[in-house]
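Participant: So I've got this file, my_file_20.pdb, and it contains PDB, C-alpha atoms:
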ATOM      1  CA  MET Y   3     -56.697  47.923  59.694
ATOM      2  CA  LYS Y   4     -54.343  48.582  62.642
ATOM      3  CA  LYS Y   5     -51.549  46.726  60.853
ATOM      4  CA  ILE Y   6     -51.910  48.910  57.776
ATOM      5  CA  LEU Y   7     -51.940  52.099  59.906
ATOM      6  CA  LEU Y   8     -48.820  51.007  61.815
ATOM      7  CA  THR Y   9     -47.002  50.203  58.603
ATOM      8  CA  SER Y  10     -47.898  53.614  57.158
ATOM      9  CA  THR Y  11     -46.741  55.399  60.326
ATOM     10  CA  MET Y  12     -43.442  53.532  60.305
ATOM     11  CA  SER Y  13     -42.960  54.413  56.630
ATOM     12  CA  ILE Y  14     -43.473  58.116  57.343
ATOM     13  CA  VAL Y  15     -41.025  58.007  60.280
ATOM     14  CA  SER Y  16     -38.481  56.228  58.110
ATOM     15  CA  LEU Y  17     -38.922  58.805  55.367
ATOM     16  CA  PHE Y  18     -38.327  61.722  57.758
ATOM     17  CA  SER Y  19     -35.309  59.940  59.248
ATOM     18  CA  PHE Y  20     -33.885  59.425  55.773
ATOM     19  CA  LEU Y  21     -34.416  63.077  54.836
ATOM     20  CA  PHE Y  22     -32.846  64.263  58.120
ATOM     21  CA  LEU Y  23     -29.791  62.064  57.724
ATOM     22  CA  SER Y  24     -29.445  63.040  54.074
ATOM     23  CA  ALA Y  25     -29.608  66.732  54.936
ATOM     24  CA  LYS Y  26     -27.077  66.240  57.704
ATOM     25  CA  LYS Y  27     -24.774  64.440  55.293
ATOM     26  CA  ILE Y  28     -25.159  67.204  52.698
ATOM     27  CA  ASN Y  29     -24.386  69.881  55.299
ATOM     28  CA  LYS Y  30     -21.178  68.110  56.173
ATOM     29  CA  ASN Y  31     -20.137  68.425  52.555
ATOM     30  CA  PHE Y  32     -20.313  72.222  52.716
ATOM     31  CA  THR Y  33     -16.765  73.570  53.058
ATOM     32  CA  PRO Y  34     -15.999  76.946  54.667
ATOM     33  CA  SER Y  35     -14.721  79.367  52.049
ATOM     34  CA  ALA Y  36     -14.369  83.059  51.199
ATOM     35  CA  THR Y  37     -14.304  85.367  48.206
ATOM     36  CA  PHE Y  38     -11.931  88.352  48.154
ATOM     37  CA  ASP Y  39     -13.019  91.828  47.054
ATOM     38  CA  LYS Y  40     -10.237  94.305  47.778
ATOM     39  CA  LEU Y  41      -7.382  95.351  50.075
ATOM     40  CA  TRP Y  42      -6.113  98.831  50.863
ATOM     41  CA  ILE Y  43      -3.607 100.295  53.312
ATOM     42  CA  ASP Y  44      -3.394 103.441  55.416
ATOM     43  CA  TYR Y  45       0.311 104.156  55.857
ATOM     44  CA  ASP Y  46       2.019 106.127  58.623
ATOM     45  CA  VAL Y  47      -0.789 105.839  61.173
ATOM     46  CA  THR Y  48      -0.248 105.724  64.926
ATOM     47  CA  ASP Y  49      -1.877 103.176  67.244
ATOM     48  CA  ASN Y  50      -1.207 103.484  70.998
ATOM     49  CA  GLY Y  51       1.846 105.603  70.251
ATOM     50  CA  VAL Y  52       3.272 103.103  67.739
ATOM     51  CA  ARG Y  53       3.775 104.043  64.075
ATOM     52  CA  GLY Y  54       2.775 101.585  61.392
ATOM     53  CA  MET Y  55       0.191 100.735  58.745
ATOM     54  CA  LYS Y  56      -3.467  99.808  58.963
ATOM     55  CA  ILE Y  57      -4.450  97.059  56.533
ATOM     56  CA  HIS Y  58      -8.082  96.942  55.391
ATOM     57  CA  VAL Y  59      -9.664  93.891  53.737
ATOM     58  CA  LYS Y  60     -13.098  93.458  52.153
ATOM     59  CA  PHE Y  61     -14.337  89.889  51.641
ATOM     60  CA  THR Y  62     -17.299  87.532  52.041
ATOM     61  CA  ALA Y  63     -17.208  84.364  54.188
ATOM     62  CA  TYR Y  64     -19.376  81.310  53.423
ATOM     63  CA  GLN Y  65     -20.387  78.358  55.625
ATOM     64  CA  MET Y  66     -18.621  79.968  58.604
ATOM     65  CA  LYS Y  67     -21.497  81.025  60.874
ATOM     66  CA  ASP Y  68     -20.433  80.875  64.574
ATOM     67  CA  MET Y  69     -17.013  79.551  63.557
ATOM     68  CA  ASP Y  70     -13.899  80.942  65.280
ATOM     69  CA  ALA Y  71     -11.309  81.912  62.693
ATOM     70  CA  PHE Y  72      -8.612  84.459  61.885
ATOM     71  CA  LEU Y  73      -7.716  86.862  59.142
ATOM     72  CA  ALA Y  74      -4.004  86.063  58.849
ATOM     73  CA  ILE Y  75      -1.404  88.187  57.062
ATOM     74  CA  TYR Y  76       2.123  86.863  56.487
ATOM     75  CA  PHE Y  77       5.019  88.915  55.136
ATOM     76  CA  GLN Y  78       7.726  87.956  52.647
ATOM     77  CA  THR Y  79      10.252  89.529  50.279
ATOM     78  CA  ASP Y  80       9.080  90.292  46.756
ATOM     79  CA  ASP Y  81      11.989  88.801  44.829
ATOM     80  CA  GLU Y  82      12.973  85.548  43.167
ATOM     81  CA  ASN Y  83      13.590  83.931  46.564
ATOM     82  CA  ALA Y  84      10.246  85.050  48.125
ATOM     83  CA  THR Y  85      11.760  84.675  51.619
ATOM     84  CA  TRP Y  86       9.395  84.797  54.596
ATOM     85  CA  LEU Y  87      10.344  87.517  57.098
ATOM     86  CA  LYS Y  88      11.738  85.948  60.256
ATOM     87  CA  ASP Y  89      10.284  87.073  63.575
ATOM     88  CA  LYS Y  90      12.774  88.268  66.180
ATOM     89  CA  ASN Y  91      10.754  88.990  69.326
ATOM     90  CA  SER Y  92       7.707  86.664  69.395
ATOM     91  CA  LYS Y  93       5.213  89.553  69.272
ATOM     92  CA  TYR Y  94       3.797  89.519  65.740
ATOM     93  CA  ASN Y  95       4.536  85.999  64.632
ATOM     94  CA  SER Y  96       3.164  82.742  63.242
ATOM     95  CA  THR Y  97       3.528  79.413  65.056
ATOM     96  CA  ASP Y  98       6.505  78.569  62.853
ATOM     97  CA  GLY Y  99       8.358  81.766  63.759
ATOM     98  CA  TYR Y 100       7.680  84.118  60.840
ATOM     99  CA  VAL Y 101       6.360  87.693  60.874
ATOM    100  CA  ALA Y 102       2.547  87.717  60.873
ATOM    101  CA  VAL Y 103      -0.443  89.665  62.132
ATOM    102  CA  TYR Y 104      -3.926  88.315  62.916
ATOM    103  CA  ARG Y 105      -7.490  89.520  63.461
ATOM    104  CA  SER Y 106     -10.035  87.149  65.004
ATOM    105  CA  ILE Y 107     -13.473  86.743  63.442
ATOM    106  CA  LYS Y 108     -16.645  84.813  64.258
ATOM    107  CA  PRO Y 109     -19.252  85.355  61.512
ATOM    108  CA  GLN Y 110     -22.852  85.658  62.688
ATOM    109  CA  TYR Y 111     -24.430  85.114  59.285
ATOM    110  CA  ASP Y 112     -24.065  82.897  56.243
ATOM    111  CA  PRO Y 113     -22.848  84.399  54.064
ATOM    112  CA  ALA Y 114     -21.106  87.082  56.134
ATOM    113  CA  ILE Y 115     -19.879  90.232  54.378
ATOM    114  CA  PHE Y 116     -16.885  92.029  55.880
ATOM    115  CA  ASN Y 117     -16.804  95.441  54.192
ATOM    116  CA  ASP Y 118     -13.805  96.748  56.120
ATOM    117  CA  LEU Y 119     -11.971  94.392  58.453
ATOM    118  CA  ASP Y 120      -8.814  96.189  59.529
ATOM    119  CA  VAL Y 121      -5.681  95.164  61.373
ATOM    120  CA  PHE Y 122      -2.738  97.292  62.523
ATOM    121  CA  MET Y 123       0.873  96.300  61.811
ATOM    122  CA  PRO Y 124       3.693  98.291  63.472
ATOM    123  CA  TYR Y 125       6.590  99.040  61.138
ATOM    124  CA  SER Y 126       9.030  97.913  63.826
ATOM    125  CA  GLU Y 127       7.469  94.432  63.896
ATOM    126  CA  LEU Y 128       8.501  93.683  60.318
ATOM    127  CA  ASP Y 129      11.846  92.994  62.035
ATOM    128  CA  LEU Y 130      13.976  94.323  59.172
ATOM    129  CA  ASP Y 131      17.377  95.967  59.239
ATOM    130  CA  PRO Y 132      17.645  99.533  57.890
ATOM    131  CA  GLY Y 133      17.226  99.535  54.129
ATOM    132  CA  GLU Y 134      14.788  99.611  51.236
ATOM    133  CA  TYR Y 135      12.620  96.554  50.533
ATOM    134  CA  ASP Y 136      10.119  95.206  48.035
ATOM    135  CA  LEU Y 137       7.700  93.134  50.112
ATOM    136  CA  ALA Y 138       4.497  91.127  49.764
ATOM    137  CA  MET Y 139       1.587  90.281  52.072
ATOM    138  CA  ASP Y 140       0.099  86.793  51.873
ATOM    139  CA  VAL Y 141      -3.496  87.269  53.093
ATOM    140  CA  LYS Y 142      -5.574  84.263  54.192
ATOM    141  CA  LEU Y 143      -8.506  83.115  56.300
ATOM    142  CA  ILE Y 144      -7.476  80.333  58.674
ATOM    143  CA  TYR Y 145      -9.157  78.156  61.294
ATOM    144  CA  LYS Y 146      -8.613  79.075  64.957
ATOM    145  CA  THR Y 147      -6.903  75.717  65.444
ATOM    146  CA  GLY Y 148      -4.735  76.246  62.358
ATOM    147  CA  GLY Y 149      -5.070  75.295  58.726
ATOM    148  CA  MET Y 150      -6.172  77.407  55.778
ATOM    149  CA  ILE Y 151      -9.813  78.108  54.962
ATOM    150  CA  SER Y 152      -9.183  80.293  51.927
ATOM    151  CA  LYS Y 153      -6.404  82.369  50.388
ATOM    152  CA  LEU Y 154      -7.679  85.900  49.812
ATOM    153  CA  THR Y 155      -4.880  87.709  47.959
ATOM    154  CA  THR Y 156      -1.208  88.602  47.681
ATOM    155  CA  HIS Y 157      -0.526  92.324  47.987
ATOM    156  CA  TYR Y 158       2.791  93.922  47.003
ATOM    157  CA  PHE Y 159       4.269  97.036  48.586
ATOM    158  CA  GLU Y 160       7.542  98.863  49.212
ATOM    159  CA  PHE Y 161       9.016  99.603  52.620
ATOM    160  CA  THR Y 162      11.921 101.778  53.742
ATOM    161  CA  LYS Y 163      13.278 101.173  57.234
ATOM    162  CA  PRO Y 164      13.738 104.528  59.000
ATOM    163  CA  GLY Y 165      17.328 105.703  59.101
ATOM    164  CA  THR Y 166      18.115 105.272  55.413
ATOM    165  CA  LYS Y 167      16.302 108.263  53.972
ATOM    166  CA  PRO Y 168      18.397 111.130  52.580
ATOM    167  CA  THR Y 169      18.366 114.250  54.721
ATOM    168  CA  ILE Y 170      18.842 117.857  53.801
ATOM    169  CA  THR Y 171      22.484 118.972  54.017
ATOM    170  CA  GLY Y 172      23.221 120.335  57.448
ATOM    171  CA  GLY Y 173      19.997 119.056  58.954
ATOM    172  CA  ALA Y 174      17.910 115.994  59.669
ATOM    173  CA  ALA Y 175      14.532 117.031  58.319
ATOM    174  CA  VAL Y 176      12.395 114.142  57.120
ATOM    175  CA  ILE Y 177      10.771 114.398  53.705
ATOM    176  CA  THR Y 178       6.978 114.394  53.799
ATOM    177  CA  ALA Y 179       4.300 114.686  51.136
ATOM    178  CA  THR Y 180       0.656 115.748  51.346
ATOM    179  CA  PHE Y 181      -1.637 114.205  48.737
ATOM    180  CA  LYS Y 182      -4.489 116.381  47.485
ATOM    181  CA  ASP Y 183      -6.033 114.924  44.333
ATOM    182  CA  LEU Y 184      -5.637 112.471  41.447
ATOM    183  CA  TRP Y 185      -7.564 112.299  38.179
ATOM    184  CA  ILE Y 186      -7.253 110.739  34.716
ATOM    185  CA  ASP Y 187      -7.829 111.974  31.171
ATOM    186  CA  PHE Y 188      -8.746 108.935  29.066
ATOM    187  CA  ASP Y 189      -8.348 108.452  25.297
ATOM    188  CA  VAL Y 190      -5.675 111.076  24.771
ATOM    189  CA  TYR Y 191      -2.805 110.907  22.286
ATOM    190  CA  GLU Y 192       0.891 111.434  22.848
ATOM    191  CA  ASN Y 193       3.448 110.797  20.096
ATOM    192  CA  SER Y 194       0.640 109.236  18.033
ATOM    193  CA  GLU Y 195      -0.121 106.662  20.767
ATOM    194  CA  LYS Y 196      -3.544 106.453  22.384
ATOM    195  CA  GLY Y 197      -3.632 106.140  26.138
ATOM    196  CA  MET Y 198      -4.409 107.975  29.352
ATOM    197  CA  LYS Y 199      -2.845 110.883  31.196
ATOM    198  CA  ILE Y 200      -2.669 110.659  34.989
ATOM    199  CA  HIS Y 201      -2.714 113.933  36.934
ATOM    200  CA  ALA Y 202      -1.668 114.354  40.563
ATOM    201  CA  LYS Y 203      -1.877 117.309  42.932
ATOM    202  CA  PHE Y 204       0.320 117.233  46.039
ATOM    203  CA  SER Y 205       2.852 119.189  48.087
ATOM    204  CA  ILE Y 206       6.280 118.201  49.410
ATOM    205  CA  SER Y 207       8.281 119.394  52.414
ATOM    206  CA  ASN Y 208      12.048 119.115  53.001
ATOM    207  CA  MET Y 209      12.965 117.706  49.574
ATOM    208  CA  LYS Y 210      14.768 120.670  48.017
ATOM    209  CA  SER Y 211      17.300 119.563  45.353
ATOM    210  CA  ILE Y 212      16.650 115.867  46.063
ATOM    211  CA  GLU Y 213      15.807 113.761  43.006
ATOM    212  CA  GLY Y 214      12.786 111.523  43.102
ATOM    213  CA  TYR Y 215       9.835 110.194  41.136
ATOM    214  CA  LEU Y 216       6.097 110.239  41.145
ATOM    215  CA  ALA Y 217       5.569 106.488  40.621
ATOM    216  CA  CYS Y 218       2.287 104.975  39.430
ATOM    217  CA  TYR Y 219       2.053 101.187  39.730
ATOM    218  CA  PHE Y 220      -0.824  99.264  38.164
ATOM    219  CA  GLU Y 221      -2.804  96.406  39.698
ATOM    220  CA  LYS Y 222      -6.037  94.538  39.222
ATOM    221  CA  LYS Y 223      -8.865  95.393  41.602
ATOM    222  CA  ASP Y 224      -8.010  92.359  43.774
ATOM    223  CA  GLY Y 225      -4.418  93.556  44.255
ATOM    224  CA  THR Y 226      -2.791  91.279  41.655
ATOM    225  CA  ARG Y 227       0.048  93.177  40.000
ATOM    226  CA  LEU Y 228       0.001  93.855  36.279
ATOM    227  CA  THR Y 229       3.356  92.888  34.784
ATOM    228  CA  SER Y 230       5.299  94.251  31.834
ATOM    229  CA  THR Y 231       8.282  93.243  29.699
ATOM    230  CA  ASN Y 232       8.567  96.771  28.276
ATOM    231  CA  SER Y 233      11.446  98.486  30.092
ATOM    232  CA  THR Y 234       9.828 101.893  29.490
ATOM    233  CA  TYR Y 235       6.802 100.943  31.583
ATOM    234  CA  ARG Y 236       8.246  98.534  34.120
ATOM    235  CA  SER Y 237       9.448  98.628  37.745
ATOM    236  CA  LYS Y 238      12.557  96.830  38.976
ATOM    237  CA  THR Y 239      10.357  93.907  40.040
ATOM    238  CA  GLY Y 240       8.577  93.658  36.675
ATOM    239  CA  GLN Y 241       5.361  95.463  37.596
ATOM    240  CA  LEU Y 242       3.636  97.674  35.047
ATOM    241  CA  ALA Y 243       4.502 101.228  36.091
ATOM    242  CA  VAL Y 244       5.074 104.743  34.846
ATOM    243  CA  TYR Y 245       7.279 107.420  36.406
ATOM    244  CA  LYS Y 246       7.671 111.204  36.357
ATOM    245  CA  SER Y 247      10.919 112.641  37.700
ATOM    246  CA  ILE Y 248      10.890 115.519  40.178
ATOM    247  CA  THR Y 249      13.571 117.656  41.839
ATOM    248  CA  PRO Y 250      11.880 120.295  44.020
ATOM    249  CA  GLY Y 251      13.479 123.728  43.945
ATOM    250  CA  TYR Y 252      12.095 124.740  47.336
ATOM    251  CA  ASP Y 253      11.765 123.259  50.822
ATOM    252  CA  GLN Y 254       8.001 123.666  50.475
ATOM    253  CA  ALA Y 255       7.024 122.693  46.938
ATOM    254  CA  ASP Y 256       3.488 122.565  45.538
ATOM    255  CA  TYR Y 257       2.632 120.485  42.475
ATOM    256  CA  ASN Y 258      -0.837 121.520  41.341
ATOM    257  CA  ASP Y 259      -0.915 119.360  38.214
ATOM    258  CA  MET Y 260       1.901 116.882  37.653
ATOM    259  CA  SER Y 261       0.963 114.592  34.769
ATOM    260  CA  VAL Y 262       2.349 111.417  33.255
ATOM    261  CA  PHE Y 263       1.181 109.518  30.161
ATOM    262  CA  ILE Y 264       0.907 105.757  29.625
ATOM    263  CA  PRO Y 265      -0.306 104.192  26.340
ATOM    264  CA  TYR Y 266      -3.048 101.572  26.360
ATOM    265  CA  SER Y 267      -0.673  99.286  24.450
ATOM    266  CA  ALA Y 268       1.407  98.906  27.637
ATOM    267  CA  PHE Y 269      -1.484  97.040  29.317
ATOM    268  CA  ASP Y 270      -1.594  93.270  28.783
ATOM    269  CA  LEU Y 271      -5.271  92.643  29.541
ATOM    270  CA  SER Y 272      -8.009  90.204  28.623
ATOM    271  CA  ALA Y 273     -10.827  91.256  26.295
ATOM    272  CA  GLY Y 274     -13.724  93.145  27.866
ATOM    273  CA  ARG Y 275     -13.918  95.321  30.963
ATOM    274  CA  ASN Y 276     -10.931  95.215  33.314
ATOM    275  CA  ASP Y 277     -11.302  96.756  36.794
ATOM    276  CA  LEU Y 278      -7.925  98.147  37.819
ATOM    277  CA  LYS Y 279      -6.280 100.510  40.288
ATOM    278  CA  ILE Y 280      -3.274 102.792  40.503
ATOM    279  CA  ASP Y 281      -0.901 102.761  43.466
ATOM    280  CA  ALA Y 282       0.549 106.300  43.418
ATOM    281  CA  ASP Y 283       3.738 106.769  45.447
ATOM    282  CA  LEU Y 284       6.506 109.293  45.895
ATOM    283  CA  ILE Y 285       9.877 107.470  45.757
ATOM    284  CA  TYR Y 286      13.598 108.257  45.771
ATOM    285  CA  LYS Y 287      15.539 108.225  42.504
ATOM    286  CA  GLU Y 288      17.531 105.204  43.694
ATOM    287  CA  GLY Y 289      14.325 103.427  44.767
ATOM    288  CA  GLY Y 290      12.605 103.165  48.125
ATOM    289  CA  MET Y 291       9.441 104.737  49.411
ATOM    290  CA  ILE Y 292       9.225 108.354  50.501
ATOM    291  CA  GLN Y 293       5.464 108.247  50.956
ATOM    292  CA  HIS Y 294       2.432 106.403  49.633
ATOM    293  CA  MET Y 295      -0.079 108.887  48.287
ATOM    294  CA  LYS Y 296      -3.197 107.260  46.833
ATOM    295  CA  TYR Y 297      -4.958 104.149  45.533
ATOM    296  CA  PHE Y 298      -7.158 105.125  42.595
ATOM    297  CA  ASP Y 299      -9.732 102.782  41.024
ATOM    298  CA  PHE Y 300     -10.478 102.866  37.298
ATOM    299  CA  TRP Y 301     -11.371 100.519  34.454
ATOM    300  CA  ILE Y 302     -10.319  99.869  30.876
ATOM    301  CA  ASN Y 303     -12.194  98.161  28.058
ATOM    302  CA  LYS Y 304      -9.780  96.110  25.957
TER     303      LYS Y 304
END
What would the structure in this file look like if it were written as structure tokens?
Facilitator:
Amino acid sequence: MKKILLTSTMSIVSLFSFLFLSAKKINKNFTPSATFDKLWIDYDVTDNGVRGMKIHVKFTAYQMKDMDAFLAIYFQTDDENATWLKDKNSKYNSTDGYVAVYRSIKPQYDPAIFNDLDVFMPYSELDLDPGEYDLAMDVKLIYKTGGMISKLTTHYFEFTKPGTKPTITGGAAVITATFKDLWIDFDVYENSEKGMKIHAKFSISNMKSIEGYLACYFEKKDGTRLTSTNSTYRSKTGQLAVYKSITPGYDQADYNDMSVFIPYSAFDLSAGRNDLKIDADLIYKEGGMIQHMKYFDFWINK
């Protein structure tokens, strides 16, 4: 009787040991990861007296509870060479000497939802010479000790280094714009083509007689650019875009309803619902950013 009881007890202990070791082995197979939701930028903000941009990222982290990690953003040119920006002063840099900015995280839950993790990047730390640039952000989650956990997104933007903007003759006034509103009329026709009409309300200062454009660039919700081979609806870098030319007649100019039409046929989309967004900017005629105005979310059924 004692022998049978002992054998049964040992069997139960062995079973629990097996289950514990199996669970431990399974847990080891879980890999930290993340899913990206969206990215947006506040331009021309000031942090401790320094002018730059505040980058906001929304994402969810998995299997990362109590793990030290970083949101890492690396910067590169948006051209055929895709050259990483080289750091010049060892302030905002990666370990291999390229321009980068980081934000530390240590999730307290699994999964952990970050609705608005922001990081500030001074314009001066892009370490660029005066000029106009098409750039890209490579956004990742990385381990504290190095190594990638998950790539979140690539976000494209334009940057003009101060000192290259046109100025009003006889003065040095900087052009500024104040965004007020943006809305869309869907399913309208223009020249027998069905599409949508984008309306923008804004005001401009110090741009009298200077030619420019209201530029609307199109992206997916996750920041992936929509591309186009149609030269009518295409930026210099191949992004789907539509433009409306402007030449203000006054130093203080108000545009209560500037509209621009784009046909649905210009969108190369998959069947079903497509969640998209507009990046509305004011740019110079020759290219280069005057001022970012608005990200606007919308969707199209193909």
Participant: Report the distance between CA of Asn276 (chain Y) and CA of Lys296 (chain Y) in Å, rounded to one decimal place.
Facilitator: 19.7 Å
Participant: Would you list the residues near (-11.2, 84.2, 54.0), meaning any protein, DNA or RNA residue with an atom at most 10 Å from that point in file coordinates, counting all atoms listed in the file, as a list in words?
Facilitator: Pro34, Ser35, Ala36, Thr37, Phe38, Val59, Lys60, Phe61, Thr62, Ala63, Tyr64, Met66, Ala71, Phe72, Leu73, Ala74, Phe116, Val141, Lys142, Leu143, Ile144, Tyr145, Met150, Ile151, Ser152, Lys153, Leu154 and Thr155 of chain Y
Participant: Take the residues from that selection and put them in a file with C-alpha atoms, as a PDB file, in the coordinates of the input.
Facilitator:
ATOM      1  CA  PRO Y  34     -15.999  76.946  54.667  1.00  0.00           C
ATOM      2  CA  SER Y  35     -14.721  79.367  52.049  1.00  0.00           C
ATOM      3  CA  ALA Y  36     -14.369  83.059  51.199  1.00  0.00           C
ATOM      4  CA  THR Y  37     -14.304  85.367  48.206  1.00  0.00           C
ATOM      5  CA  PHE Y  38     -11.931  88.352  48.154  1.00  0.00           C
ATOM      6  CA  VAL Y  59      -9.664  93.891  53.737  1.00  0.00           C
ATOM      7  CA  LYS Y  60     -13.098  93.458  52.153  1.00  0.00           C
ATOM      8  CA  PHE Y  61     -14.337  89.889  51.641  1.00  0.00           C
ATOM      9  CA  THR Y  62     -17.299  87.532  52.041  1.00  0.00           C
ATOM     10  CA  ALA Y  63     -17.208  84.364  54.188  1.00  0.00           C
ATOM     11  CA  TYR Y  64     -19.376  81.310  53.423  1.00  0.00           C
ATOM     12  CA  MET Y  66     -18.621  79.968  58.604  1.00  0.00           C
ATOM     13  CA  ALA Y  71     -11.309  81.912  62.693  1.00  0.00           C
ATOM     14  CA  PHE Y  72      -8.612  84.459  61.885  1.00  0.00           C
ATOM     15  CA  LEU Y  73      -7.716  86.862  59.142  1.00  0.00           C
ATOM     16  CA  ALA Y  74      -4.004  86.063  58.849  1.00  0.00           C
ATOM     17  CA  PHE Y 116     -16.885  92.029  55.880  1.00  0.00           C
ATOM     18  CA  VAL Y 141      -3.496  87.269  53.093  1.00  0.00           C
ATOM     19  CA  LYS Y 142      -5.574  84.263  54.192  1.00  0.00           C
ATOM     20  CA  LEU Y 143      -8.506  83.115  56.300  1.00  0.00           C
ATOM     21  CA  ILE Y 144      -7.476  80.333  58.674  1.00  0.00           C
ATOM     22  CA  TYR Y 145      -9.157  78.156  61.294  1.00  0.00           C
ATOM     23  CA  MET Y 150      -6.172  77.407  55.778  1.00  0.00           C
ATOM     24  CA  ILE Y 151      -9.813  78.108  54.962  1.00  0.00           C
ATOM     25  CA  SER Y 152      -9.183  80.293  51.927  1.00  0.00           C
ATOM     26  CA  LYS Y 153      -6.404  82.369  50.388  1.00  0.00           C
ATOM     27  CA  LEU Y 154      -7.679  85.900  49.812  1.00  0.00           C
ATOM     28  CA  THR Y 155      -4.880  87.709  47.959  1.00  0.00           C
TER      29      THR Y 155
END
Participant: Go through Y:Gln78, Y:Gln293, Y:Thr33, Y:Thr162 and flag the residue nearest Glu134 (chain Y), using all atoms listed in the file for the distances.
Facilitator: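 Among the listed residues, the smallest separation from Glu134 (chain Y) belongs to Y:Thr162.
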Participant: Using all atoms listed in the file, find each residue of region 228-285 of chain Y with at least one atom at most 10 Å away from an atom of region 210-222 of chain Y; report its shortest atom-to-atom pair and that distance in Å (one decimal), sort the rows by chain and rising residue number, and return the result as JSON lines.
Facilitator:
{"residue": "Y:Leu228", "atom": "CA", "partner": "Y:Glu221", "partner_atom": "CA", "distance": 5.1}
{"residue": "Y:Thr229", "atom": "CA", "partner": "Y:Phe220", "partner_atom": "CA", "distance": 8.3}
{"residue": "Y:Tyr235", "atom": "CA", "partner": "Y:Tyr219", "partner_atom": "CA", "distance": 9.4}
{"residue": "Y:Arg236", "atom": "CA", "partner": "Y:Tyr219", "partner_atom": "CA", "distance": 8.8}
{"residue": "Y:Ser237", "atom": "CA", "partner": "Y:Tyr219", "partner_atom": "CA", "distance": 8.1}
{"residue": "Y:Gln241", "atom": "CA", "partner": "Y:Tyr219", "partner_atom": "CA", "distance": 6.9}
{"residue": "Y:Leu242", "atom": "CA", "partner": "Y:Phe220", "partner_atom": "CA", "distance": 5.7}
{"residue": "Y:Ala243", "atom": "CA", "partner": "Y:Tyr219", "partner_atom": "CA", "distance": 4.4}
{"residue": "Y:Val244", "atom": "CA", "partner": "Y:Cys218", "partner_atom": "CA", "distance": 5.4}
{"residue": "Y:Tyr245", "atom": "CA", "partner": "Y:Ala217", "partner_atom": "CA", "distance": 4.6}
{"residue": "Y:Lys246", "atom": "CA", "partner": "Y:Leu216", "partner_atom": "CA", "distance": 5.1}
{"residue": "Y:Ser247", "atom": "CA", "partner": "Y:Tyr215", "partner_atom": "CA", "distance": 4.4}
{"residue": "Y:Ile248", "atom": "CA", "partner": "Y:Gly214", "partner_atom": "CA", "distance": 5.3}
{"residue": "Y:Thr249", "atom": "CA", "partner": "Y:Glu213", "partner_atom": "CA", "distance": 4.6}
{"residue": "Y:Pro250", "atom": "CA", "partner": "Y:Lys210", "partner_atom": "CA", "distance": 4.9}
{"residue": "Y:Gly251", "atom": "CA", "partner": "Y:Lys210", "partner_atom": "CA", "distance": 5.3}
{"residue": "Y:Tyr252", "atom": "CA", "partner": "Y:Lys210", "partner_atom": "CA", "distance": 4.9}
{"residue": "Y:Asp253", "atom": "CA", "partner": "Y:Lys210", "partner_atom": "CA", "distance": 4.9}
{"residue": "Y:Gln254", "atom": "CA", "partner": "Y:Lys210", "partner_atom": "CA", "distance": 7.8}
{"residue": "Y:Ala255", "atom": "CA", "partner": "Y:Lys210", "partner_atom": "CA", "distance": 8.1}
{"residue": "Y:Met260", "atom": "CA", "partner": "Y:Leu216", "partner_atom": "CA", "distance": 8.6}
{"residue": "Y:Ser261", "atom": "CA", "partner": "Y:Leu216", "partner_atom": "CA", "distance": 9.3}
{"residue": "Y:Val262", "atom": "CA", "partner": "Y:Leu216", "partner_atom": "CA", "distance": 8.8}
{"residue": "Y:Ile264", "atom": "CA", "partner": "Y:Cys218", "partner_atom": "CA", "distance": 9.9}
{"residue": "Y:Phe269", "atom": "CA", "partner": "Y:Phe220", "partner_atom": "CA", "distance": 9.1}
{"residue": "Y:Leu271", "atom": "CA", "partner": "Y:Lys222", "partner_atom": "CA", "distance": 9.9}
{"residue": "Y:Asn276", "atom": "CA", "partner": "Y:Lys222", "partner_atom": "CA", "distance": 7.7}
{"residue": "Y:Asp277", "atom": "CA", "partner": "Y:Lys222", "partner_atom": "CA", "distance": 6.2}
{"residue": "Y:Leu278", "atom": "CA", "partner": "Y:Lys222", "partner_atom": "CA", "distance": 4.3}
{"residue": "Y:Lys279", "atom": "CA", "partner": "Y:Glu221", "partner_atom": "CA", "distance": 5.4}
{"residue": "Y:Ile280", "atom": "CA", "partner": "Y:Phe220", "partner_atom": "CA", "distance": 4.9}
{"residue": "Y:Asp281", "atom": "CA", "partner": "Y:Tyr219", "partner_atom": "CA", "distance": 5.0}
{"residue": "Y:Ala282", "atom": "CA", "partner": "Y:Cys218", "partner_atom": "CA", "distance": 4.5}
{"residue": "Y:Asp283", "atom": "CA", "partner": "Y:Ala217", "partner_atom": "CA", "distance": 5.2}
{"residue": "Y:Leu284", "atom": "CA", "partner": "Y:Leu216", "partner_atom": "CA", "distance": 4.9}
{"residue": "Y:Ile285", "atom": "CA", "partner": "Y:Tyr215", "partner_atom": "CA", "distance": 5.4}
Participant: Any chance you could resolve the PyMOL selection byres ((chain Y and resi 88) around 7) against this file and give the residues as a compact mmCIF listing (two decimals) with C-alpha atoms, in the coordinates of the input?
Facilitator:
# COMPACT_ATOMS: atom_id res chain seq x y z
CA TRP Y 86 9.40 84.80 54.60
CA LEU Y 87 10.34 87.52 57.10
CA ASP Y 89 10.28 87.07 63.58
CA LYS Y 90 12.77 88.27 66.18
CA GLY Y 99 8.36 81.77 63.76
CA TYR Y 100 7.68 84.12 60.84
CA VAL Y 101 6.36 87.69 60.87
Participant: Report the residues retrieved by the PyMOL selection byres ((chain Y and resi 181) around 7) from the displayed file, expressed as a list in words.
Facilitator: Ala179, Thr180, Lys182, Asp183, Lys203, Phe204, Ser205 and Met295 of chain Y
Participant: Since I can't run it myself right now, could you work out what the PyMOL selection byres ((chain Y and resi 45) around 7) selects here and report it as a PyMOL selection string?
Facilitator: chain Y and resi 43-44+46-47+54-56+294
